[in-house]
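Source file start_6.pdb; content: PDB, C-alpha atoms.
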```
ATOM      1  CA  MET A   1       1.751 -16.446  -2.409
ATOM      2  CA  ASN A   2       3.401 -18.167   0.503
ATOM      3  CA  LEU A   3       3.629 -16.638   3.942
ATOM      4  CA  PRO A   4       7.122 -15.188   4.511
ATOM      5  CA  MET A   5       9.350 -17.595   6.410
ATOM      6  CA  PRO A   6      10.077 -15.077   9.242
ATOM      7  CA  TRP A   7       6.306 -15.056   9.914
ATOM      8  CA  VAL A   8       6.233 -18.851  10.078
ATOM      9  CA  ASP A   9       9.232 -18.810  12.420
ATOM     10  CA  LYS A  10       7.359 -16.443  14.751
ATOM     11  CA  ILE A  11       4.265 -18.683  14.645
ATOM     12  CA  PHE A  12       6.407 -21.708  15.523
ATOM     13  CA  THR A  13       8.092 -19.800  18.355
ATOM     14  CA  LYS A  14       4.744 -18.747  19.831
ATOM     15  CA  LEU A  15       3.230 -22.219  19.513
ATOM     16  CA  THR A  16       6.317 -23.748  21.111
ATOM     17  CA  VAL A  17       5.915 -21.336  24.043
ATOM     18  CA  ILE A  18       2.238 -22.260  24.356
ATOM     19  CA  TYR A  19       2.528 -26.063  23.936
ATOM     20  CA  GLY A  20       6.165 -26.703  24.821
ATOM     21  CA  LYS A  21       7.890 -29.790  23.485
ATOM     22  CA  ASP A  22       4.558 -31.256  22.396
ATOM     23  CA  PHE A  23       4.440 -28.800  19.509
ATOM     24  CA  LEU A  24       7.851 -29.543  18.025
ATOM     25  CA  SER A  25       7.767 -33.278  18.827
ATOM     26  CA  ARG A  26       4.715 -33.536  16.592
ATOM     27  CA  TRP A  27       7.125 -33.500  13.621
ATOM     28  CA  GLU A  28       9.871 -35.606  15.138
ATOM     29  CA  GLY A  29      11.766 -37.396  12.411
ATOM     30  CA  LEU A  30      10.633 -34.942   9.727
ATOM     31  CA  ASN A  31      12.671 -32.158   8.175
ATOM     32  CA  ILE A  32      11.457 -29.096  10.135
ATOM     33  CA  GLU A  33      12.243 -26.783   7.186
ATOM     34  CA  GLU A  34       9.874 -28.798   4.988
ATOM     35  CA  VAL A  35       7.214 -28.633   7.696
ATOM     36  CA  LYS A  36       7.638 -24.853   7.910
ATOM     37  CA  ALA A  37       7.504 -24.569   4.108
ATOM     38  CA  ASP A  38       4.165 -26.399   4.195
ATOM     39  CA  TRP A  39       2.868 -23.986   6.839
ATOM     40  CA  ALA A  40       4.033 -21.066   4.684
ATOM     41  CA  LYS A  41       2.081 -22.477   1.732
ATOM     42  CA  GLU A  42      -1.069 -23.371   3.674
ATOM     43  CA  LEU A  43      -1.206 -19.982   5.448
ATOM     44  CA  GLY A  44      -0.267 -17.939   2.368
ATOM     45  CA  GLY A  45      -3.828 -16.700   1.979
ATOM     46  CA  PHE A  46      -3.400 -14.659   5.160
ATOM     47  CA  PHE A  47      -0.484 -12.605   3.824
ATOM     48  CA  ASN A  48      -2.743  -9.566   3.423
ATOM     49  CA  HIS A  49      -4.579 -10.344   6.667
ATOM     50  CA  PRO A  50      -1.957 -10.798   9.391
ATOM     51  CA  GLU A  51      -4.613  -9.880  11.949
ATOM     52  CA  CYS A  52      -6.145 -13.326  11.318
ATOM     53  CA  ILE A  53      -2.876 -15.010  12.297
ATOM     54  CA  SER A  54      -2.665 -12.826  15.380
ATOM     55  CA  TYR A  55      -6.233 -13.793  16.253
ATOM     56  CA  ALA A  56      -5.390 -17.497  15.935
ATOM     57  CA  LEU A  57      -2.306 -17.174  18.131
ATOM     58  CA  LYS A  58      -4.391 -15.432  20.806
ATOM     59  CA  ASN A  59      -7.177 -18.030  20.595
ATOM     60  CA  MET A  60      -5.373 -21.331  20.754
ATOM     61  CA  PRO A  61      -7.190 -24.092  22.656
ATOM     62  CA  ASP A  62      -6.032 -24.168  26.285
ATOM     63  CA  ALA A  63      -5.739 -27.914  26.538
ATOM     64  CA  GLY A  64      -5.134 -30.727  24.166
ATOM     65  CA  LYS A  65      -2.785 -31.363  21.307
ATOM     66  CA  PRO A  66      -1.011 -28.549  19.503
ATOM     67  CA  PRO A  67      -2.655 -27.694  16.170
ATOM     68  CA  THR A  68      -1.717 -28.993  12.764
ATOM     69  CA  VAL A  69      -1.417 -26.430  10.016
ATOM     70  CA  LEU A  70      -4.971 -27.181   8.865
ATOM     71  CA  GLU A  71      -6.337 -26.733  12.391
ATOM     72  CA  PHE A  72      -4.380 -23.489  12.777
ATOM     73  CA  ARG A  73      -5.714 -22.269   9.416
ATOM     74  CA  ALA A  74      -9.278 -23.063  10.551
ATOM     75  CA  ILE A  75      -8.789 -20.879  13.635
ATOM     76  CA  CYS A  76      -7.386 -18.075  11.444
ATOM     77  CA  ARG A  77     -10.533 -18.245   9.327
ATOM     78  CA  LYS A  78     -12.663 -17.593  12.421
ATOM     79  CA  ALA A  79     -11.067 -14.185  12.936
ATOM     80  CA  PRO A  80     -13.612 -11.366  12.892
ATOM     81  CA  ILE A  81     -13.485  -9.203   9.815
ATOM     82  CA  PHE A  82     -13.379  -5.510  10.590
ATOM     83  CA  GLU A  83     -15.115  -3.265   8.135
ATOM     84  CA  GLN A  84     -13.023  -0.401   6.866
ATOM     85  CA  PRO A  85     -14.634   3.011   7.271
ATOM     86  CA  ARG A  86     -16.081   4.230   4.036
ATOM     87  CA  ILE A  87     -16.276   7.717   2.630
ATOM     88  CA  GLU A  88     -19.811   8.726   1.809
ATOM     89  CA  HIS A  89     -20.488   9.879  -1.717
ATOM     90  CA  HIS A  90     -22.375  13.130  -2.070
ATOM     91  CA  PRO A  91     -23.252  14.006  -5.654
ATOM     92  CA  ALA A  92     -22.210  17.446  -6.792
ATOM     93  CA  GLN A  93     -24.928  20.079  -6.837
ATOM     94  CA  PRO A  94     -25.473  21.215 -10.441
ATOM     95  CA  ASP A  95     -25.720  24.917  -9.570
ATOM     96  CA  LYS A  96     -22.384  24.824  -7.694
ATOM     97  CA  VAL A  97     -20.710  22.931 -10.529
ATOM     98  CA  LYS A  98     -21.955  25.503 -13.037
ATOM     99  CA  ALA A  99     -20.679  28.377 -10.861
ATOM    100  CA  GLU A 100     -17.217  26.793 -10.557
ATOM    101  CA  ILE A 101     -17.027  26.230 -14.319
ATOM    102  CA  GLU A 102     -17.879  29.882 -14.881
ATOM    103  CA  LYS A 103     -15.082  30.909 -12.503
ATOM    104  CA  LEU A 104     -12.646  28.792 -14.490
ATOM    105  CA  LYS A 105     -13.781  30.264 -17.806
ATOM    106  CA  ASN A 106     -13.087  33.763 -16.510
ATOM    107  CA  SER A 107      -9.745  32.832 -14.954
ATOM    108  CA  PRO A 108      -6.654  34.305 -16.620
ATOM    109  CA  ARG A 109      -4.959  30.890 -16.475
ATOM    110  CA  THR A 110      -7.552  29.199 -18.687
ATOM    111  CA  GLY A 111      -9.202  29.962 -21.933
ATOM    112  CA  LYS A 112      -7.181  31.325 -24.827
ATOM    113  CA  SER A 113      -3.793  31.718 -23.140
ATOM    114  CA  ASP A 114      -0.722  30.647 -25.078
ATOM    115  CA  PRO A 115       0.861  27.481 -23.685
ATOM    116  CA  LYS A 116       4.303  29.046 -24.292
ATOM    117  CA  ASP A 117       3.661  32.063 -22.065
ATOM    118  CA  TRP A 118       5.888  30.481 -19.431
ATOM    119  CA  ALA A 119       8.830  30.741 -21.837
ATOM    120  CA  ARG A 120       8.100  34.413 -22.603
ATOM    121  CA  ARG A 121       7.903  35.196 -18.866
ATOM    122  CA  HIS A 122      11.328  33.641 -18.203
ATOM    123  CA  ILE A 123      12.947  35.481 -21.091
ATOM    124  CA  ALA A 124      11.342  38.763 -19.981
ATOM    125  CA  ARG A 125      12.644  38.206 -16.421
ATOM    126  CA  HIS A 126      16.145  37.567 -17.797
ATOM    127  CA  GLU A 127      16.028  40.667 -19.986
ATOM    128  CA  ALA A 128      14.873  42.698 -16.971
ATOM    129  CA  GLY A 129      18.048  41.647 -15.142
ATOM    130  CA  GLU A 130      16.588  38.964 -12.888
ATOM    131  CA  GLN A 131      18.547  35.808 -12.165
ATOM    132  CA  VAL A 132      17.194  32.944 -14.322
ATOM    133  CA  LYS A 133      18.822  29.534 -14.316
ATOM    134  CA  PRO A 134      20.675  28.910 -17.579
ATOM    135  CA  ILE A 135      18.852  25.628 -18.230
ATOM    136  CA  THR A 136      15.474  27.343 -17.766
ATOM    137  CA  LEU A 137      16.511  30.094 -20.171
ATOM    138  CA  ARG A 138      17.722  27.525 -22.697
ATOM    139  CA  PHE A 139      14.436  25.560 -22.527
ATOM    140  CA  ALA A 140      12.441  28.789 -22.878
ATOM    141  CA  ARG A 141      14.404  29.804 -25.974
ATOM    142  CA  GLU A 142      14.012  26.313 -27.459
ATOM    143  CA  ALA A 143      10.256  26.368 -26.792
ATOM    144  CA  LEU A 144       9.928  29.660 -28.644
ATOM    145  CA  GLY A 145      12.116  28.462 -31.531
ATOM    146  CA  LEU A 146      14.840  31.028 -30.829
ATOM    147  CA  ILE A 147      17.499  28.292 -30.710
ATOM    148  CA  LYS A 148      17.658  24.714 -31.854
TER     149      LYS A 148
END
```

Here is the file; what I need is its structure written in the form of structure tokens.
Amino acid sequence: MNLPMPWVDKIFTKLTVIYGKDFLSRWEGLNIEEVKADWAKELGGFFNHPECISYALKNMPDAGKPPTVLEFRAICRKAPIFEQPRIEHHPAQPDKVKAEIEKLKNSPRTGKSDPKDWARRHIARHEAGEQVKPITLRFAREALGLIK
């Protein structure tokens, strides 16, 4: 994957500010869009690591010639890699797991309940005079085979 062109434009802007005309004159006589396309290709590996590009822009050599794309890429590769914090894994305690399973077995929502109880509840609410959306009532009746 190539680096997005707006990113390359920002890199060129920053390097022009740092090195002045020396940076852009490096490609005098060349099509600048082709040069930028090459930078986009060569720096594409940093798409998911923009912090490496930021590092390179902050750590340009103070003196000397402006970098080529390969020199810039080499500086990007020197960026420190920050470790992401990790969540520690703590295995479940068997006695707690067994207790939770027992709670679920005794729960009224599990076990031998009928999966169409929801439909019966909606019809009962409607018959008791409660407001039930017509589409909900229709689906409940269809689920129970009362209508087709």

A:Ala119, A:Ala40, A:Val132, A:Val69: which is nearest A:Leu144, counting all atoms listed in the file?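 Nearest candidate to A:Leu144 out of A:Ala119, A:Ala40, A:Val132, A:Val69: A:Ala119.
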
The residue from A:Pro61, A:Pro91, A:Pro67, A:Pro115 with the smallest atom-to-atom distance to A:Ala143, counting only C-alpha atoms, is A:Pro115

- Query: In Å to one decimal, how far is atom CA of A:Arg141 from atom CA of A:Ile123?
  - Reply: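 Between atom CA of A:Ile123 and atom CA of A:Arg141 the gap works out to 7.6 Å.
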
Practice problem: Kindly give the distance, in Å, that separates atom CA of A:Gly145 and atom CA of A:Lys105, rounded to a single decimal. | Solution: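 Atom-to-atom, atom CA of A:Gly145 to atom CA of A:Lys105, that is 29.4 Å.
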
Using all atoms listed in the file, the shortest atom-to-atom distance to A:Lys65 among A:Gly29, A:Pro50, A:Gly45, A:Gly20 belongs to A:Gly20

How would you write, as a PDB file with C-alpha atoms, in the frame of the given file, the residues chosen by the PyMOL selection byres ((chain A and resi 53-55) around 9) on this structure?
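After the write, part25.pdb holds the following:
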```pdb
ATOM      1  CA  ILE A  11       4.265 -18.683  14.645  1.00  0.00           C
ATOM      2  CA  LEU A  43      -1.206 -19.982   5.448  1.00  0.00           C
ATOM      3  CA  PHE A  46      -3.400 -14.659   5.160  1.00  0.00           C
ATOM      4  CA  HIS A  49      -4.579 -10.344   6.667  1.00  0.00           C
ATOM      5  CA  PRO A  50      -1.957 -10.798   9.391  1.00  0.00           C
ATOM      6  CA  GLU A  51      -4.613  -9.880  11.949  1.00  0.00           C
ATOM      7  CA  CYS A  52      -6.145 -13.326  11.318  1.00  0.00           C
ATOM      8  CA  ALA A  56      -5.390 -17.497  15.935  1.00  0.00           C
ATOM      9  CA  LEU A  57      -2.306 -17.174  18.131  1.00  0.00           C
ATOM     10  CA  LYS A  58      -4.391 -15.432  20.806  1.00  0.00           C
ATOM     11  CA  ASN A  59      -7.177 -18.030  20.595  1.00  0.00           C
ATOM     12  CA  MET A  60      -5.373 -21.331  20.754  1.00  0.00           C
ATOM     13  CA  PHE A  72      -4.380 -23.489  12.777  1.00  0.00           C
ATOM     14  CA  ARG A  73      -5.714 -22.269   9.416  1.00  0.00           C
ATOM     15  CA  ILE A  75      -8.789 -20.879  13.635  1.00  0.00           C
ATOM     16  CA  CYS A  76      -7.386 -18.075  11.444  1.00  0.00           C
ATOM     17  CA  ARG A  77     -10.533 -18.245   9.327  1.00  0.00           C
ATOM     18  CA  LYS A  78     -12.663 -17.593  12.421  1.00  0.00           C
ATOM     19  CA  ALA A  79     -11.067 -14.185  12.936  1.00  0.00           C
ATOM     20  CA  PRO A  80     -13.612 -11.366  12.892  1.00  0.00           C
TER      21      PRO A  80
END
```

#### Entry: Picked residues, the PyMOL selection byres ((chain A and resi 12-18) around 9), expected as a PyMOL selection string
chain A and resi 7-11+19-24+36+57+60+62+66-67

Same residues, C-alpha atoms, saved as a PDB file, in the frame of the given file:
```pdb
ATOM      1  CA  TRP A   7       6.306 -15.056   9.914  1.00  0.00           C
ATOM      2  CA  VAL A   8       6.233 -18.851  10.078  1.00  0.00           C
ATOM      3  CA  ASP A   9       9.232 -18.810  12.420  1.00  0.00           C
ATOM      4  CA  LYS A  10       7.359 -16.443  14.751  1.00  0.00           C
ATOM      5  CA  ILE A  11       4.265 -18.683  14.645  1.00  0.00           C
ATOM      6  CA  TYR A  19       2.528 -26.063  23.936  1.00  0.00           C
ATOM      7  CA  GLY A  20       6.165 -26.703  24.821  1.00  0.00           C
ATOM      8  CA  LYS A  21       7.890 -29.790  23.485  1.00  0.00           C
ATOM      9  CA  ASP A  22       4.558 -31.256  22.396  1.00  0.00           C
ATOM     10  CA  PHE A  23       4.440 -28.800  19.509  1.00  0.00           C
ATOM     11  CA  LEU A  24       7.851 -29.543  18.025  1.00  0.00           C
ATOM     12  CA  LYS A  36       7.638 -24.853   7.910  1.00  0.00           C
ATOM     13  CA  LEU A  57      -2.306 -17.174  18.131  1.00  0.00           C
ATOM     14  CA  MET A  60      -5.373 -21.331  20.754  1.00  0.00           C
ATOM     15  CA  ASP A  62      -6.032 -24.168  26.285  1.00  0.00           C
ATOM     16  CA  PRO A  66      -1.011 -28.549  19.503  1.00  0.00           C
ATOM     17  CA  PRO A  67      -2.655 -27.694  16.170  1.00  0.00           C
TER      18      PRO A  67
END
```

First collect every listed atom of stretch 135-147 of chain A; then fit an axis-aligned box around them, widen it by 3 Å on each side, and give centre and edge lengths in Å to one decimal, as AutoDock Vina command-line options.
```
--center_x 14.4 --center_y 28.3 --center_z -24.6 --size_x 14.9 --size_y 11.5 --size_z 19.8
```

Check: When the PyMOL selection byres ((chain A and resi 136) around 12) is applied to the file above, which residues end up in the set, as a list of chain:residue names?
Finding: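 Taken over the shown coordinates, the PyMOL selection byres ((chain A and resi 136) around 12) returns A:Trp118, A:Ala119, A:Arg120, A:Arg121, A:His122, A:Ile123, A:Arg125, A:His126, A:Gln131, A:Val132, A:Lys133, A:Pro134, A:Ile135, A:Leu137, A:Arg138, A:Phe139, A:Ala140, A:Arg141, A:Glu142, A:Ala143.
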
Exercise for review: Would you mind reading off the distance between atom CA of A:Leu146 and atom CA of A:Ser113, one decimal, in Å?
Suggested key: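 Separating atom CA of A:Leu146 from atom CA of A:Ser113 is a distance of 20.2 Å.
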
Q) Which one is closest to A:Asn48: A:Leu3, A:Leu104, A:Gly129, A:Lys98? Count all atoms listed in the file. A)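 Ranking A:Leu3, A:Leu104, A:Gly129, A:Lys98 by distance to A:Asn48, first place goes to A:Leu3.
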